[in-house]
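Student: Structure: run26.csv, CSV, C-alpha atoms.
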```
chain,number,residue,atom,x,y,z
A,1355,MET,CA,-10.7,-18.2,-13.4
A,1356,SER,CA,-9.2,-17.2,-10.1
A,1357,ARG,CA,-10.1,-14.0,-8.3
A,1358,ASP,CA,-8.5,-12.1,-5.4
A,1359,ILE,CA,-5.1,-12.2,-7.0
A,1360,LEU,CA,-2.4,-9.7,-7.9
A,1361,HIS,CA,-0.2,-10.3,-10.9
A,1362,ARG,CA,3.2,-8.5,-11.5
A,1363,TYR,CA,4.7,-8.3,-14.9
A,1364,LEU,CA,7.7,-6.8,-16.8
A,1365,PHE,CA,8.3,-5.8,-20.3
A,1366,ASP,CA,11.4,-7.3,-21.9
A,1367,ASN,CA,11.8,-4.5,-24.4
A,1368,ALA,CA,11.0,-1.5,-22.1
A,1369,ASP,CA,12.2,-0.4,-18.7
A,1370,VAL,CA,8.6,-0.6,-17.3
A,1371,ARG,CA,6.8,-2.8,-14.8
A,1372,GLY,CA,3.2,-3.4,-14.3
A,1373,GLN,CA,0.7,-4.9,-11.9
A,1374,LEU,CA,-2.9,-6.1,-12.2
A,1375,VAL,CA,-5.2,-6.9,-9.3
A,1376,GLN,CA,-8.7,-8.4,-9.3
A,1377,LEU,CA,-10.8,-8.6,-6.1
A,1378,GLU,CA,-14.1,-10.3,-5.4
A,1379,ALA,CA,-14.5,-12.5,-2.4
A,1380,SER,CA,-12.0,-10.5,-0.3
A,1381,PHE,CA,-13.8,-7.3,-1.3
A,1382,GLN,CA,-17.3,-8.7,-0.5
A,1383,ALA,CA,-16.0,-10.0,2.9
A,1384,MET,CA,-14.9,-6.5,3.8
A,1385,LEU,CA,-18.2,-4.9,2.7
A,1386,ALA,CA,-20.1,-7.4,4.9
A,1387,ALA,CA,-19.2,-5.5,8.1
A,1388,GLN,CA,-21.6,-2.6,7.3
A,1389,ASP,CA,-24.5,-1.6,5.1
A,1390,TYR,CA,-22.6,0.8,3.0
A,1391,PRO,CA,-24.3,3.1,0.3
A,1392,ASN,CA,-23.3,2.1,-3.2
A,1393,ALA,CA,-21.0,5.2,-3.6
A,1394,VAL,CA,-19.1,4.2,-0.5
A,1395,ARG,CA,-18.8,0.6,-1.6
A,1396,VAL,CA,-17.3,1.7,-4.9
A,1397,LEU,CA,-14.9,4.0,-3.1
A,1398,LEU,CA,-13.7,1.2,-0.8
A,1399,GLY,CA,-13.3,-1.1,-3.7
A,1400,GLU,CA,-11.0,1.4,-5.5
A,1401,LEU,CA,-9.2,2.0,-2.3
A,1402,MET,CA,-8.7,-1.7,-1.7
A,1403,ALA,CA,-7.4,-2.2,-5.2
A,1404,ALA,CA,-5.1,0.8,-4.8
A,1405,THR,CA,-3.7,-0.5,-1.5
A,1406,SER,CA,-3.0,-3.9,-3.1
A,1407,LEU,CA,-1.0,-2.2,-5.9
A,1408,LEU,CA,0.9,0.0,-3.5
A,1409,THR,CA,1.8,-2.8,-1.2
A,1410,ALA,CA,3.2,-4.9,-4.1
A,1411,THR,CA,5.0,-1.8,-5.5
A,1412,ILE,CA,6.6,-0.6,-2.3
A,1413,LYS,CA,8.6,-3.6,-1.3
A,1414,PHE,CA,8.7,-4.0,2.5
A,1415,SER,CA,7.8,-6.3,5.3
A,1416,GLY,CA,5.3,-4.9,7.7
A,1417,ASP,CA,2.0,-3.0,7.8
A,1418,ILE,CA,0.4,-0.5,5.5
A,1419,SER,CA,-2.4,1.9,5.9
A,1420,VAL,CA,-4.0,4.0,3.1
A,1421,GLN,CA,-6.4,6.5,4.6
A,1422,LEU,CA,-8.7,9.2,3.0
A,1423,GLN,CA,-10.0,12.0,5.2
A,1424,GLY,CA,-12.1,14.9,4.3
A,1425,ASP,CA,-14.8,17.4,5.3
A,1426,GLY,CA,-17.4,15.9,3.0
A,1427,PRO,CA,-20.2,13.4,3.7
A,1428,VAL,CA,-17.5,10.7,3.8
A,1429,SER,CA,-15.2,11.7,6.6
A,1430,LEU,CA,-13.0,8.6,6.6
A,1431,ALA,CA,-12.2,5.7,4.3
A,1432,VAL,CA,-9.2,3.5,5.2
A,1433,ILE,CA,-7.7,0.2,4.1
A,1434,ASN,CA,-5.2,-1.5,6.5
A,1435,GLY,CA,-3.1,-4.4,5.6
A,1436,ASN,CA,0.4,-6.0,5.4
A,1437,ASN,CA,3.0,-7.1,2.9
A,1438,GLU,CA,1.1,-10.5,2.5
A,1439,LEU,CA,-1.8,-8.6,1.0
A,1440,GLN,CA,-4.1,-9.4,3.9
A,1441,LEU,CA,-6.4,-6.4,4.0
A,1442,ARG,CA,-9.3,-4.9,5.9
A,1443,GLY,CA,-11.2,-1.6,5.6
A,1444,VAL,CA,-13.9,0.6,6.9
A,1445,ALA,CA,-15.6,3.9,6.0
A,1446,ARG,CA,-17.6,6.5,7.9
A,1447,TRP,CA,-20.3,8.6,6.2
A,1448,LYS,CA,-23.4,10.6,6.9
A,1449,GLY,CA,-26.5,11.5,4.9
A,1450,GLU,CA,-27.8,10.3,1.6
A,1451,LEU,CA,-25.3,9.8,-1.2
A,1452,ALA,CA,-25.8,9.7,-4.9
A,1453,GLU,CA,-24.9,6.3,-6.3
A,1454,ASP,CA,-22.5,7.9,-8.8
A,1455,ALA,CA,-21.0,10.5,-6.4
A,1456,SER,CA,-17.5,11.5,-7.4
A,1457,LEU,CA,-14.4,11.6,-5.1
A,1458,PRO,CA,-14.6,15.4,-4.5
A,1459,THR,CA,-18.3,15.1,-3.7
A,1460,LEU,CA,-17.8,12.3,-1.2
A,1461,LEU,CA,-14.6,13.6,0.6
A,1462,GLY,CA,-14.9,17.3,0.0
A,1463,LYS,CA,-11.6,19.0,0.8
A,1464,GLY,CA,-9.3,16.4,2.2
A,1465,TYR,CA,-6.1,14.4,1.9
A,1466,MET,CA,-4.7,10.9,1.6
A,1467,VAL,CA,-2.3,9.5,4.1
A,1468,ILE,CA,-0.1,6.5,3.3
A,1469,THR,CA,1.6,5.0,6.3
A,1470,LEU,CA,4.2,2.2,6.2
A,1471,THR,CA,5.2,0.5,9.5
A,1472,PRO,CA,8.0,-1.9,8.6
A,1473,ASP,CA,8.9,-4.8,10.9
A,1474,GLU,CA,12.4,-3.3,11.0
A,1475,GLY,CA,13.3,0.3,10.5
A,1476,GLU,CA,11.5,3.6,10.8
A,1477,ARG,CA,7.9,4.3,10.1
A,1478,TYR,CA,7.2,6.3,7.0
A,1479,GLN,CA,4.2,8.5,6.2
A,1480,GLY,CA,3.3,10.3,2.9
A,1481,ILE,CA,0.5,12.8,2.5
A,1482,VAL,CA,-1.1,14.0,-0.7
A,1483,SER,CA,-4.1,16.3,-1.1
A,1484,LEU,CA,-7.3,15.0,-2.8
A,1485,GLU,CA,-7.2,17.8,-5.3
A,1486,HIS,CA,-7.8,15.6,-8.4
A,1487,GLY,CA,-11.1,14.2,-9.5
A,1488,THR,CA,-10.3,10.5,-9.0
A,1489,LEU,CA,-8.4,8.3,-6.5
A,1490,ALA,CA,-6.2,7.0,-9.3
A,1491,ALA,CA,-5.1,10.5,-10.2
A,1492,CYS,CA,-4.3,11.3,-6.6
A,1493,LEU,CA,-2.2,8.2,-6.3
A,1494,GLU,CA,-0.3,9.1,-9.5
A,1495,GLU,CA,0.4,12.5,-7.9
A,1496,TYR,CA,1.7,10.7,-4.8
A,1497,PHE,CA,4.2,8.7,-6.9
A,1498,ASN,CA,5.2,11.9,-8.7
A,1499,GLN,CA,5.9,13.7,-5.4
A,1500,SER,CA,7.5,10.9,-3.4
A,1501,GLU,CA,9.2,8.7,-5.9
A,1502,GLN,CA,9.5,10.9,-9.0
A,1503,LEU,CA,8.5,7.9,-11.0
A,1504,PRO,CA,6.3,8.2,-14.1
A,1505,THR,CA,3.2,6.1,-13.0
A,1506,GLN,CA,-0.2,5.4,-14.6
A,1507,ILE,CA,-3.0,3.9,-12.4
A,1508,HIS,CA,-6.4,2.6,-13.3
A,1509,LEU,CA,-9.0,1.7,-10.6
A,1510,PHE,CA,-12.5,0.3,-11.1
A,1511,ALA,CA,-15.1,-1.0,-8.7
A,1512,THR,CA,-18.8,-2.0,-8.5
A,1513,ASN,CA,-20.7,-2.9,-5.4
A,1514,ALA,CA,-19.3,-6.5,-5.7
A,1515,GLN,CA,-16.0,-6.4,-7.6
A,1516,ALA,CA,-12.9,-4.3,-7.7
A,1517,ALA,CA,-9.8,-4.2,-9.9
A,1518,GLY,CA,-6.9,-2.1,-10.8
A,1519,MET,CA,-3.8,-1.7,-12.9
A,1520,LEU,CA,-0.5,0.1,-12.4
A,1521,LEU,CA,2.2,0.9,-15.0
A,1522,GLN,CA,5.5,2.4,-13.8
A,1523,VAL,CA,9.0,3.1,-15.0
A,1524,LEU,CA,11.5,1.0,-13.2
A,1525,PRO,CA,13.1,2.9,-10.3
A,1526,SER,CA,16.6,2.5,-11.7
A,1527,LYS,CA,15.5,3.8,-15.1
A,1528,GLN,CA,13.5,6.9,-14.2
A,1529,GLU,CA,15.7,9.1,-16.3
A,1530,GLN,CA,15.1,7.1,-19.5
A,1531,ASN,CA,11.4,6.4,-19.6
A,1532,ASP,CA,12.0,3.9,-22.4
A,1533,GLY,CA,8.7,2.8,-23.8
A,1534,PHE,CA,6.5,4.2,-21.1
A,1535,GLU,CA,4.6,6.6,-23.2
A,1536,HIS,CA,3.8,3.9,-25.8
A,1537,LEU,CA,2.7,1.4,-23.1
A,1538,SER,CA,0.6,4.1,-21.3
A,1539,VAL,CA,-1.4,4.6,-24.5
A,1540,LEU,CA,-2.1,0.9,-24.8
A,1541,THR,CA,-3.0,0.6,-21.1
A,1542,GLN,CA,-5.5,3.4,-21.3
A,1543,THR,CA,-7.7,1.3,-23.6
A,1544,ILE,CA,-8.5,-1.1,-20.7
A,1545,LYS,CA,-12.2,-1.4,-20.0
A,1546,PRO,CA,-13.6,-2.1,-16.5
A,1547,GLN,CA,-15.6,-5.1,-17.7
A,1548,GLU,CA,-12.5,-6.7,-19.1
A,1549,LEU,CA,-10.7,-6.5,-15.7
A,1550,PHE,CA,-13.8,-7.9,-14.0
A,1551,GLU,CA,-14.4,-10.8,-16.4
A,1552,LEU,CA,-11.1,-11.8,-18.0
A,1553,ASP,CA,-8.2,-13.6,-16.4
A,1554,ALA,CA,-4.9,-11.7,-16.2
A,1555,GLU,CA,-3.3,-13.5,-19.1
A,1556,ASP,CA,-6.2,-12.6,-21.4
A,1557,VAL,CA,-6.1,-9.0,-20.2
A,1558,LEU,CA,-2.4,-8.6,-20.9
A,1559,HIS,CA,-2.7,-10.3,-24.3
A,1560,ARG,CA,-5.5,-7.9,-25.2
A,1561,LEU,CA,-3.5,-4.9,-24.2
A,1562,TYR,CA,0.1,-5.9,-25.1
A,1563,HIS,CA,-0.2,-8.7,-27.7
A,1564,GLU,CA,2.7,-7.1,-29.8
A,1565,GLU,CA,4.9,-6.7,-26.7
A,1566,GLU,CA,7.1,-9.2,-24.9
A,1567,VAL,CA,5.7,-9.5,-21.4
A,1568,ARG,CA,7.0,-11.5,-18.5
A,1569,LEU,CA,4.3,-12.6,-16.0
A,1570,PHE,CA,5.4,-13.6,-12.5
A,1571,GLU,CA,3.8,-15.9,-10.0
A,1572,PRO,CA,0.6,-14.3,-8.7
A,1573,MET,CA,0.0,-13.2,-5.1
A,1574,ASP,CA,-3.2,-14.0,-3.2
A,1575,VAL,CA,-5.2,-11.1,-1.8
A,1576,SER,CA,-7.4,-11.8,1.2
A,1577,PHE,CA,-9.6,-10.1,3.8
A,1578,LYS,CA,-8.3,-10.5,7.3
A,1579,CYS,CA,-9.2,-8.7,10.4
A,1580,THR,CA,-6.6,-8.4,13.2
A,1581,CYS,CA,-9.1,-7.8,16.0
A,1582,SER,CA,-9.1,-10.2,19.0
A,1583,ARG,CA,-10.4,-10.5,22.5
A,1584,ASP,CA,-6.9,-9.9,23.8
A,1585,ARG,CA,-6.6,-6.6,21.9
A,1586,SER,CA,-9.9,-5.5,23.2
A,1587,ALA,CA,-8.8,-6.3,26.7
A,1588,GLY,CA,-5.6,-4.4,26.2
A,1589,ALA,CA,-7.7,-1.3,25.1
A,1590,LEU,CA,-9.9,-1.6,28.3
A,1591,LYS,CA,-6.8,-1.7,30.4
A,1592,THR,CA,-5.9,1.8,29.3
A,1593,LEU,CA,-9.2,3.1,30.7
A,1594,ASP,CA,-10.2,4.1,34.3
A,1595,LEU,CA,-11.4,1.2,36.4
A,1596,THR,CA,-14.1,3.3,38.1
A,1597,GLU,CA,-15.5,4.3,34.7
A,1598,LEU,CA,-15.7,0.7,33.5
A,1599,GLU,CA,-17.3,-0.4,36.8
A,1600,THR,CA,-20.0,2.3,36.2
A,1601,ILE,CA,-20.7,1.0,32.7
A,1602,ILE,CA,-21.1,-2.6,34.0
A,1603,ALA,CA,-23.4,-1.4,36.8
A,1604,GLU,CA,-25.6,0.3,34.3
A,1605,GLU,CA,-25.4,-2.2,31.4
A,1606,GLY,CA,-24.4,-5.5,33.1
A,1607,LYS,CA,-21.4,-5.9,30.8
A,1608,ILE,CA,-19.1,-4.0,28.3
A,1609,GLU,CA,-19.5,-4.9,24.6
A,1610,MET,CA,-16.7,-4.0,22.3
A,1611,GLY,CA,-17.4,-4.4,18.6
A,1612,CYS,CA,-15.1,-4.3,15.6
A,1613,GLU,CA,-15.9,-1.9,12.8
A,1614,TYR,CA,-13.9,-4.0,10.3
A,1615,CYS,CA,-15.6,-7.4,10.7
A,1616,THR,CA,-18.6,-7.0,13.2
A,1617,ALA,CA,-16.9,-9.3,15.8
A,1618,SER,CA,-18.1,-8.6,19.3
A,1619,TYR,CA,-16.3,-9.1,22.6
A,1620,SER,CA,-18.1,-9.1,25.9
A,1621,PHE,CA,-16.6,-8.4,29.3
A,1622,ASP,CA,-18.5,-8.7,32.6
A,1623,ALA,CA,-17.5,-7.6,36.1
A,1624,ILE,CA,-15.4,-10.7,36.7
A,1625,ASP,CA,-13.5,-10.2,33.4
A,1626,ILE,CA,-12.7,-6.5,34.3
A,1627,ALA,CA,-11.6,-7.4,37.8
A,1628,ALA,CA,-9.3,-10.1,36.4
A,1629,LEU,CA,-7.8,-7.6,33.9
A,1630,PHE,CA,-7.0,-5.0,36.5
A,1631,ASN,CA,-5.7,-7.6,38.9
A,1632,ASP,CA,-3.3,-8.7,36.2
A,1633,ASN,CA,-2.2,-5.1,35.9
A,1634,ALA,CA,-1.7,-4.9,39.6
A,1635,ASP,CA,0.3,-8.2,39.7
A,1636,THR,CA,2.5,-7.0,36.9
A,1637,SER,CA,3.2,-3.7,38.6
A,1638,GLN,CA,4.1,-5.4,41.8
A,1639,THR,CA,6.4,-7.8,40.0
A,1640,LYS,CA,8.2,-4.9,38.3
A,1641,THR,CA,8.8,-3.0,41.5
A,1642,GLN,CA,10.2,-6.0,43.4
```
Spit out the file's structure as structure tokens when you get a sec.

Tutor:
Amino acid sequence: MSRDILHRYLFDNADVRGQLVQLEASFQAMLAAQDYPNAVRVLLGELMAATSLLTATIKFSGDISVQLQGDGPVSLAVINGNNELQLRGVARWKGELAEDASLPTLLGKGYMVITLTPDEGERYQGIVSLEHGTLAACLEEYFNQSEQLPTQIHLFATNAQAAGMLLQVLPSKQEQNDGFEHLSVLTQTIKPQELFELDAEDVLHRLYHEEEVRLFEPMDVSFKCTCSRDRSAGALKTLDLTELETIIAEEGKIEMGCEYCTASYSFDAIDIAALFNDNADTSQTKTQ
């Protein structure tokens, strides 16, 4: 049975589409970056599943970011990725958290920001408040506001697995809603353990065995961090040289760590001098 896969499907006798995502290795790779409390692990799992579903639903080529911000003990939780379902994520929290803490308890008063940065065209950003009790309900509200499409979302996560399902009226058929209510009732019977343990075909048969369902080729979901030494160097170039030289004089080097994957990039005095010499050479070239 394969994990870290997203399946898309259509109903032949209803103007409704669906998606099912199951995450394991990719989710665990993301969690390896920090020692998260269990409640934060679950939140990131749901958010990773949600981002996978959103990415496959909103057809585009480029990058996506789904970010939760609030005034609660969890100030930030974010998943960044692209249309190839290569995802990474991080969260920031403080204090002790109950293992079963709810979304309102974790985030407090906050909002969700969905940002699409296509390879071509304008950047899009949608914002929805975290007024509902679950992340799934907040996402349903996002689709209701931005797309006016009847949508049902289910998200589940443990400290090692994550999964989700999305059911939605086809964009061209939003005025008809043919079969959506019936299929929604069927989908609501899904149990977390079924999504964690069964393969997609068995899940769909369990839910829709009396329906005609077309299952498409699956898409792989993976953890991938986009950090690099070159990107870290680029960030250093934006800082004041005197400030960097002071840090090196005190510490001997500058260490830049990645929150997403724990990679570390070290720069000594020679590295910094070379970076700023490159800047000077480029500047001279442009003015000639």

Student: Calculated over only C-alpha atoms, which of the candidates A:Gly1533, A:Gly1464, A:Gly1518, A:Gly1426 has the smallest distance to Thr1405 of chain A?

Tutor: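 Nearest candidate to Thr1405 of chain A out of A:Gly1533, A:Gly1464, A:Gly1518, A:Gly1426: A:Gly1518.
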
Student: Just checking: using only C-alpha atoms, which residue out of A:Leu1595, A:Val1467, A:Val1394, A:Leu1489 ends up closest to Pro1427 of chain A?

Tutor: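 With only C-alpha atoms as the atom set, the closest residue is A:Val1394.
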
Student: Figure out the distance between atom CA of Lys1463 of chain A and atom CA of Leu1385 of chain A, please, to one decimal in Å.

Tutor: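 The value is 24.9 Å.
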
Student: Within 6 Å of (-12.5, -9.5, 9.3) in the file's own coordinates, which protein, DNA or RNA residues have an atom, counting only C-alpha atoms? List them as a ChimeraX atom specification.

Tutor: /A:1578-1579,1614-1615

Student: I need every residue sitting at most 7 Å from the point (-2.9, -0.9, -8.6) (coordinates as in the file, only C-alpha atoms considered), written as a list in words.

Tutor: Gln1373, Leu1374, Val1375, Ala1403, Ala1404, Ser1406, Leu1407, Leu1408, Ile1507, His1508, Leu1509, Gly1518, Met1519 and Leu1520 of chain A

Student: Generate a file of the selected residues that holds C-alpha atoms, formatted as a PDB file, in the coordinates of the input.

Tutor:
```pdb
ATOM      1  CA  GLN A1373       0.700  -4.900 -11.900  1.00  0.00           C
ATOM      2  CA  LEU A1374      -2.900  -6.100 -12.200  1.00  0.00           C
ATOM      3  CA  VAL A1375      -5.200  -6.900  -9.300  1.00  0.00           C
ATOM      4  CA  ALA A1403      -7.400  -2.200  -5.200  1.00  0.00           C
ATOM      5  CA  ALA A1404      -5.100   0.800  -4.800  1.00  0.00           C
ATOM      6  CA  SER A1406      -3.000  -3.900  -3.100  1.00  0.00           C
ATOM      7  CA  LEU A1407      -1.000  -2.200  -5.900  1.00  0.00           C
ATOM      8  CA  LEU A1408       0.900   0.000  -3.500  1.00  0.00           C
ATOM      9  CA  ILE A1507      -3.000   3.900 -12.400  1.00  0.00           C
ATOM     10  CA  HIS A1508      -6.400   2.600 -13.300  1.00  0.00           C
ATOM     11  CA  LEU A1509      -9.000   1.700 -10.600  1.00  0.00           C
ATOM     12  CA  GLY A1518      -6.900  -2.100 -10.800  1.00  0.00           C
ATOM     13  CA  MET A1519      -3.800  -1.700 -12.900  1.00  0.00           C
ATOM     14  CA  LEU A1520      -0.500   0.100 -12.400  1.00  0.00           C
TER      15      LEU A1520
END
```

Student: What's around Ser1538 of chain A at 12 Å? Count only C-alpha atoms, leave out sequence neighbours fewer than 2 positions away in its own chain, and write the answer as a list in words.

Tutor: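 Neighbouring residues, sequence-local ones excluded: Ala1368, Val1370, Arg1371, Gly1372, Pro1504, Thr1505, Gln1506, Ile1507, His1508, Met1519, Leu1520, Leu1521, Gln1522, Val1523, Asn1531, Asp1532, Gly1533, Phe1534, Glu1535, His1536, Leu1540, Thr1541, Gln1542, Thr1543, Ile1544, Leu1561 and Tyr1562 of chain A.
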
Student: Write out the residues from the selection above, keeping C-alpha atoms, as an mmCIF file, keeping the file's coordinate frame.

Tutor:
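Result saved to selection.cif:
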```cif
data_model
loop_
_atom_site.group_PDB
_atom_site.id
_atom_site.type_symbol
_atom_site.label_atom_id
_atom_site.label_comp_id
_atom_site.auth_asym_id
_atom_site.auth_seq_id
_atom_site.Cartn_x
_atom_site.Cartn_y
_atom_site.Cartn_z
ATOM 1 C CA ALA A 1368 11.000 -1.500 -22.100
ATOM 2 C CA VAL A 1370 8.600 -0.600 -17.300
ATOM 3 C CA ARG A 1371 6.800 -2.800 -14.800
ATOM 4 C CA GLY A 1372 3.200 -3.400 -14.300
ATOM 5 C CA PRO A 1504 6.300 8.200 -14.100
ATOM 6 C CA THR A 1505 3.200 6.100 -13.000
ATOM 7 C CA GLN A 1506 -0.200 5.400 -14.600
ATOM 8 C CA ILE A 1507 -3.000 3.900 -12.400
ATOM 9 C CA HIS A 1508 -6.400 2.600 -13.300
ATOM 10 C CA MET A 1519 -3.800 -1.700 -12.900
ATOM 11 C CA LEU A 1520 -0.500 0.100 -12.400
ATOM 12 C CA LEU A 1521 2.200 0.900 -15.000
ATOM 13 C CA GLN A 1522 5.500 2.400 -13.800
ATOM 14 C CA VAL A 1523 9.000 3.100 -15.000
ATOM 15 C CA ASN A 1531 11.400 6.400 -19.600
ATOM 16 C CA ASP A 1532 12.000 3.900 -22.400
ATOM 17 C CA GLY A 1533 8.700 2.800 -23.800
ATOM 18 C CA PHE A 1534 6.500 4.200 -21.100
ATOM 19 C CA GLU A 1535 4.600 6.600 -23.200
ATOM 20 C CA HIS A 1536 3.800 3.900 -25.800
ATOM 21 C CA LEU A 1540 -2.100 0.900 -24.800
ATOM 22 C CA THR A 1541 -3.000 0.600 -21.100
ATOM 23 C CA GLN A 1542 -5.500 3.400 -21.300
ATOM 24 C CA THR A 1543 -7.700 1.300 -23.600
ATOM 25 C CA ILE A 1544 -8.500 -1.100 -20.700
ATOM 26 C CA LEU A 1561 -3.500 -4.900 -24.200
ATOM 27 C CA TYR A 1562 0.100 -5.900 -25.100
#
```

Student: If we count all atoms listed in the file, what is near Leu1422 of chain A at a cut-off of 8 Å, once residues fewer than 5 positions away on the same chain are taken out, given as a ChimeraX atom specification?

Tutor: /A:1429-1432,1461,1464-1467

Student: Rank nothing, just name the residue among A:Val1557, A:Ser1582, A:Ser1415, A:Pro1391 nearest to Glu1476 of chain A, using only C-alpha atoms.

Tutor: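 Of the candidates, the smallest distance to Glu1476 of chain A is held by A:Ser1415.
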
Student: Expressed in Å to a single decimal, how great is the separation between atom CA of Tyr1496 of chain A and atom CA of Pro1525 of chain A?

Tutor: 14.9 Å

Student: Have a look at A:Leu1537, A:Leu1451, A:Leu1460, A:Met1573 and name the one nearest to Leu1558 of chain A; count all atoms listed in the file.

Tutor: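 Closest candidate: A:Leu1537.
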
Student: Which distance in Å separates atom CA of Glu1400 of chain A and atom CA of Gln1421 of chain A, to one decimal?

Tutor: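 Result for atom CA of Glu1400 of chain A versus atom CA of Gln1421 of chain A: 12.2 Å, one decimal.
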
Student: Give the answer as one residue: which of A:Ser1586, A:Gln1376, A:Thr1596, A:Gln1479 has the shortest atom-to-atom distance to Phe1621 of chain A, using all atoms listed in the file?

Tutor: A:Ser1586

Student: Which of these, A:Glu1551, A:Glu1566, A:Glu1604, A:Glu1501, has the shortest distance to Asp1369 of chain A once you count all atoms listed in the file?

Tutor: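 Of A:Glu1551, A:Glu1566, A:Glu1604, A:Glu1501, the one nearest Asp1369 of chain A, counting all atoms listed in the file, is A:Glu1566.
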
Student: So that I can see what lies close to segment 1616-1619 of chain A, please list as a CSV table (one decimal) with C-alpha atoms, in the coordinates of the input the residues with an atom at most 6 Å from it, counting all atoms listed in the file and leaving out residues fewer than 6 positions away in the same chain.

Tutor:
```csv
chain,number,residue,atom,x,y,z
A,1387,ALA,CA,-19.2,-5.5,8.1
A,1609,GLU,CA,-19.5,-4.9,24.6
A,1610,MET,CA,-16.7,-4.0,22.3
```

Student: Identify, on the basis of all atoms listed in the file, every residue whose closest approach to Lys1607 of chain A does not exceed 10 Å; exclude the query and any residue fewer than 3 positions from it along the same chain; express the result as JSON, numbers by chain.

Tutor: {"A": [1598, 1599, 1600, 1601, 1602, 1603, 1604, 1610, 1620, 1621, 1622, 1623, 1624, 1625, 1626]}
